[in-house]
Amino acid sequence: MICSILPGRVRLRSPRFRDAETVAAVTALLKGQPGLLSLENNLNTGSLLIRFDPDQVDQAAALAALTLLEPDDDPEAALEPESEAGAPPFRLSQDAAEYLGMVGAFVVCLSSGFLRAKGLHVYSGLTLAGLTVQHLIKYRKRLAGLF
């Protein structure tokens, strides 16, 4: 759902943002929040760009709140792009999603360290550590056989 993050802006992408009613509801929910500068939506791509004042908004808290916008009814629906007629939908395996999550957390952690975004660096580092621990627990029997 979170496509890109920069200080002062977040781009969200979801098939649900192609529906004008959903976008209106999200916009109504976010409007009036302190530090919010603008909201831009592209119904064709399912993208929502949120610009905010980084001095007034805690980016880590805002990102945690934005993850609550994704409904729990079908968590894998966001991973499936709309398929062309007759083409089977692309599905991401659980292992691939875990690896992408670890790589993504690593990239965000590394880049936020270089950009000196301390809060984002800490949260992405904790995310990476949690995903790594989950990965190690999942494959502990294979790792035990190596030693």
# chains A, B, ... in the order shown; residues from 1 in each chain; ligands from 1
$ residues_around --residues "Pro7 of chain A" --least-positions-apart "3" --cutoff "9 Å" --atoms "only C-alpha atoms" --output "mmCIF file with all heavy atoms, in the first residue's frame"
data_model
loop_
_atom_site.group_PDB
_atom_site.id
_atom_site.type_symbol
_atom_site.label_atom_id
_atom_site.label_comp_id
_atom_site.auth_asym_id
_atom_site.auth_seq_id
_atom_site.Cartn_x
_atom_site.Cartn_y
_atom_site.Cartn_z
ATOM 1 N N VAL A 10 4.046 11.137 1.245
ATOM 2 C CA VAL A 10 3.848 9.693 1.206
ATOM 3 C C VAL A 10 2.923 9.398 0.031
ATOM 4 O O VAL A 10 1.899 10.066 -0.142
ATOM 5 C CB VAL A 10 3.204 9.174 2.514
ATOM 6 C CG1 VAL A 10 2.861 7.705 2.401
ATOM 7 C CG2 VAL A 10 4.101 9.415 3.697
ATOM 8 N N PHE A 52 2.664 16.653 3.662
ATOM 9 C CA PHE A 52 2.480 17.145 5.012
ATOM 10 C C PHE A 52 3.720 17.901 5.453
ATOM 11 O O PHE A 52 4.790 17.801 4.836
ATOM 12 C CB PHE A 52 2.183 15.991 5.983
ATOM 13 C CG PHE A 52 3.255 14.942 6.015
ATOM 14 C CD1 PHE A 52 4.297 15.012 6.922
ATOM 15 C CD2 PHE A 52 3.220 13.870 5.126
ATOM 16 C CE1 PHE A 52 5.294 14.037 6.940
ATOM 17 C CE2 PHE A 52 4.204 12.900 5.144
ATOM 18 C CZ PHE A 52 5.240 12.981 6.052
ATOM 19 N N ASP A 53 3.558 18.682 6.515
ATOM 20 C CA ASP A 53 4.674 19.432 7.081
ATOM 21 C C ASP A 53 5.411 18.502 8.047
ATOM 22 O O ASP A 53 4.870 18.129 9.078
ATOM 23 C CB ASP A 53 4.156 20.663 7.822
ATOM 24 C CG ASP A 53 5.264 21.524 8.399
ATOM 25 O OD1 ASP A 53 6.453 21.177 8.216
ATOM 26 O OD2 ASP A 53 4.947 22.548 9.020
ATOM 27 N N PRO A 54 6.669 18.117 7.720
ATOM 28 C CA PRO A 54 7.371 17.156 8.586
ATOM 29 C C PRO A 54 7.695 17.712 9.973
ATOM 30 O O PRO A 54 7.970 16.943 10.889
ATOM 31 C CB PRO A 54 8.644 16.827 7.806
ATOM 32 C CG PRO A 54 8.788 17.883 6.782
ATOM 33 C CD PRO A 54 7.447 18.484 6.554
ATOM 34 N N GLN A 59 6.315 11.403 11.350
ATOM 35 C CA GLN A 59 6.179 10.547 10.171
ATOM 36 C C GLN A 59 5.945 9.089 10.554
ATOM 37 O O GLN A 59 5.150 8.406 9.939
ATOM 38 C CB GLN A 59 7.407 10.682 9.270
ATOM 39 C CG GLN A 59 7.227 9.983 7.948
ATOM 40 C CD GLN A 59 8.234 10.433 6.914
ATOM 41 O OE1 GLN A 59 8.737 11.524 6.969
ATOM 42 N NE2 GLN A 59 8.529 9.575 5.970
ATOM 43 N N ALA A 117 17.196 10.716 8.898
ATOM 44 C CA ALA A 117 15.812 10.687 9.367
ATOM 45 C C ALA A 117 15.751 9.688 10.516
ATOM 46 O O ALA A 117 15.449 8.513 10.321
ATOM 47 C CB ALA A 117 14.870 10.306 8.243
#
$ residues_around --residues "segment 33-49 of chain A" --least-positions-apart "2" --cutoff "12 Å" --atoms "only C-alpha atoms" --output "MDAnalysis selection string"
chainID A and resid 1:6 8:24 26:31 51:59 62 66 78 81:82
$ closest_residue --among "A:Met102, A:Gln94, A:Ala144, A:Ile137" --to "Gly125 of chain A" --atoms "only C-alpha atoms"
A:Met102
$ atom_distance --atom1 "atom CA of Tyr139 of chain A" --atom2 "atom CA of Gly113 of chain A"
29.1 Å
$ residues_around --residues "Val108 of chain A" --least-positions-apart "6" --cutoff "8 Å" --atoms "only C-alpha atoms" --output "number ranges by chain"
A: 120-121, 124
$ write_last_selection --atoms "N, CA, C and O atoms" --output "tab-separated table (two decimals), in the first residue's frame"
chain	number	residue	atom	x	y	z
A	120	LEU	N	12.44	7.48	11.32
A	120	LEU	CA	12.19	6.50	10.28
A	120	LEU	C	13.26	5.42	10.30
A	120	LEU	O	12.98	4.25	10.11
A	121	HIS	N	14.50	5.82	10.54
A	121	HIS	CA	15.61	4.87	10.60
A	121	HIS	C	15.39	3.85	11.73
A	121	HIS	O	15.58	2.65	11.54
A	124	SER	N	12.24	1.56	10.87
A	124	SER	CA	12.52	0.60	9.80
A	124	SER	C	13.55	-0.43	10.27
A	124	SER	O	13.49	-1.59	9.87
$ atom_distance --atom1 "atom CA of Thr127 of chain A" --atom2 "atom CA of Leu110 of chain A"
12.5 Å
$ atom_distance --atom1 "atom CA of Gly119 of chain A" --atom2 "atom CA of Lys138 of chain A"
28.7 Å
$ decode --residues "segment 22-55 of chain A" --atoms "N, CA and C atoms" --output "tab-separated table (two decimals), in the first residue's frame"
chain	number	residue	atom	x	y	z
A	22	THR	N	-14.42	5.58	-2.11
A	22	THR	CA	-13.38	5.24	-1.14
A	22	THR	C	-12.42	6.40	-0.96
A	23	VAL	N	-12.01	7.01	-2.07
A	23	VAL	CA	-11.09	8.15	-2.01
A	23	VAL	C	-11.74	9.31	-1.26
A	24	ALA	N	-13.02	9.55	-1.50
A	24	ALA	CA	-13.73	10.63	-0.79
A	24	ALA	C	-13.77	10.36	0.72
A	25	ALA	N	-13.98	9.10	1.09
A	25	ALA	CA	-14.02	8.74	2.51
A	25	ALA	C	-12.65	8.93	3.17
A	26	VAL	N	-11.59	8.48	2.48
A	26	VAL	CA	-10.23	8.63	3.02
A	26	VAL	C	-9.86	10.12	3.10
A	27	THR	N	-10.22	10.88	2.07
A	27	THR	CA	-9.92	12.31	2.06
A	27	THR	C	-10.65	13.01	3.21
A	28	ALA	N	-11.91	12.66	3.43
A	28	ALA	CA	-12.67	13.25	4.53
A	28	ALA	C	-12.05	12.88	5.88
A	29	LEU	N	-11.54	11.67	5.98
A	29	LEU	CA	-10.91	11.22	7.22
A	29	LEU	C	-9.61	11.99	7.50
A	30	LEU	N	-8.84	12.24	6.44
A	30	LEU	CA	-7.53	12.88	6.63
A	30	LEU	C	-7.58	14.40	6.67
A	31	LYS	N	-8.56	15.01	5.98
A	31	LYS	CA	-8.66	16.48	5.96
A	31	LYS	C	-8.84	16.99	7.37
A	32	GLY	N	-8.24	18.11	7.64
A	32	GLY	CA	-8.35	18.72	8.96
A	32	GLY	C	-7.30	18.24	9.94
A	33	GLN	N	-6.48	17.28	9.53
A	33	GLN	CA	-5.40	16.83	10.41
A	33	GLN	C	-4.32	17.90	10.45
A	34	PRO	N	-3.78	18.18	11.62
A	34	PRO	CA	-2.74	19.22	11.70
A	34	PRO	C	-1.50	18.81	10.90
A	35	GLY	N	-0.98	19.76	10.14
A	35	GLY	CA	0.23	19.53	9.36
A	35	GLY	C	-0.02	19.00	7.97
A	36	LEU	N	-1.28	18.65	7.64
A	36	LEU	CA	-1.59	18.15	6.31
A	36	LEU	C	-1.60	19.31	5.33
A	37	LEU	N	-0.82	19.20	4.25
A	37	LEU	CA	-0.73	20.27	3.26
A	37	LEU	C	-1.63	20.01	2.06
A	38	SER	N	-1.62	18.79	1.51
A	38	SER	CA	-2.46	18.50	0.36
A	38	SER	C	-2.66	17.01	0.18
A	39	LEU	N	-3.72	16.67	-0.52
A	39	LEU	CA	-4.04	15.30	-0.92
A	39	LEU	C	-4.31	15.31	-2.41
A	40	GLU	N	-3.62	14.44	-3.15
A	40	GLU	CA	-3.85	14.33	-4.59
A	40	GLU	C	-4.14	12.88	-4.92
A	41	ASN	N	-5.18	12.67	-5.74
A	41	ASN	CA	-5.57	11.31	-6.10
A	41	ASN	C	-5.56	11.14	-7.61
A	42	ASN	N	-5.13	9.96	-8.06
A	42	ASN	CA	-5.22	9.59	-9.47
A	42	ASN	C	-6.03	8.30	-9.52
A	43	LEU	N	-7.29	8.42	-9.96
A	43	LEU	CA	-8.17	7.25	-10.01
A	43	LEU	C	-7.70	6.21	-11.01
A	44	ASN	N	-7.00	6.64	-12.06
A	44	ASN	CA	-6.53	5.70	-13.08
A	44	ASN	C	-5.46	4.75	-12.54
A	45	THR	N	-4.57	5.27	-11.71
A	45	THR	CA	-3.49	4.43	-11.18
A	45	THR	C	-3.78	3.90	-9.78
A	46	GLY	N	-4.82	4.40	-9.12
A	46	GLY	CA	-5.11	3.98	-7.75
A	46	GLY	C	-4.10	4.54	-6.77
A	47	SER	N	-3.67	5.78	-7.01
A	47	SER	CA	-2.61	6.40	-6.22
A	47	SER	C	-3.16	7.57	-5.42
A	48	LEU	N	-2.66	7.73	-4.21
A	48	LEU	CA	-3.01	8.86	-3.34
A	48	LEU	C	-1.72	9.45	-2.81
A	49	LEU	N	-1.47	10.73	-3.13
A	49	LEU	CA	-0.26	11.43	-2.68
A	49	LEU	C	-0.65	12.33	-1.53
A	50	ILE	N	0.02	12.16	-0.40
A	50	ILE	CA	-0.25	12.95	0.80
A	50	ILE	C	0.99	13.79	1.09
A	51	ARG	N	0.82	15.11	1.09
A	51	ARG	CA	1.92	16.02	1.44
A	51	ARG	C	1.62	16.61	2.82
A	52	PHE	N	2.66	16.65	3.66
A	52	PHE	CA	2.48	17.14	5.01
A	52	PHE	C	3.72	17.90	5.45
A	53	ASP	N	3.56	18.68	6.52
A	53	ASP	CA	4.67	19.43	7.08
A	53	ASP	C	5.41	18.50	8.05
A	54	PRO	N	6.67	18.12	7.72
A	54	PRO	CA	7.37	17.16	8.59
A	54	PRO	C	7.69	17.71	9.97
A	55	ASP	N	7.63	19.04	10.14
A	55	ASP	CA	7.87	19.62	11.46
A	55	ASP	C	6.66	19.48	12.38
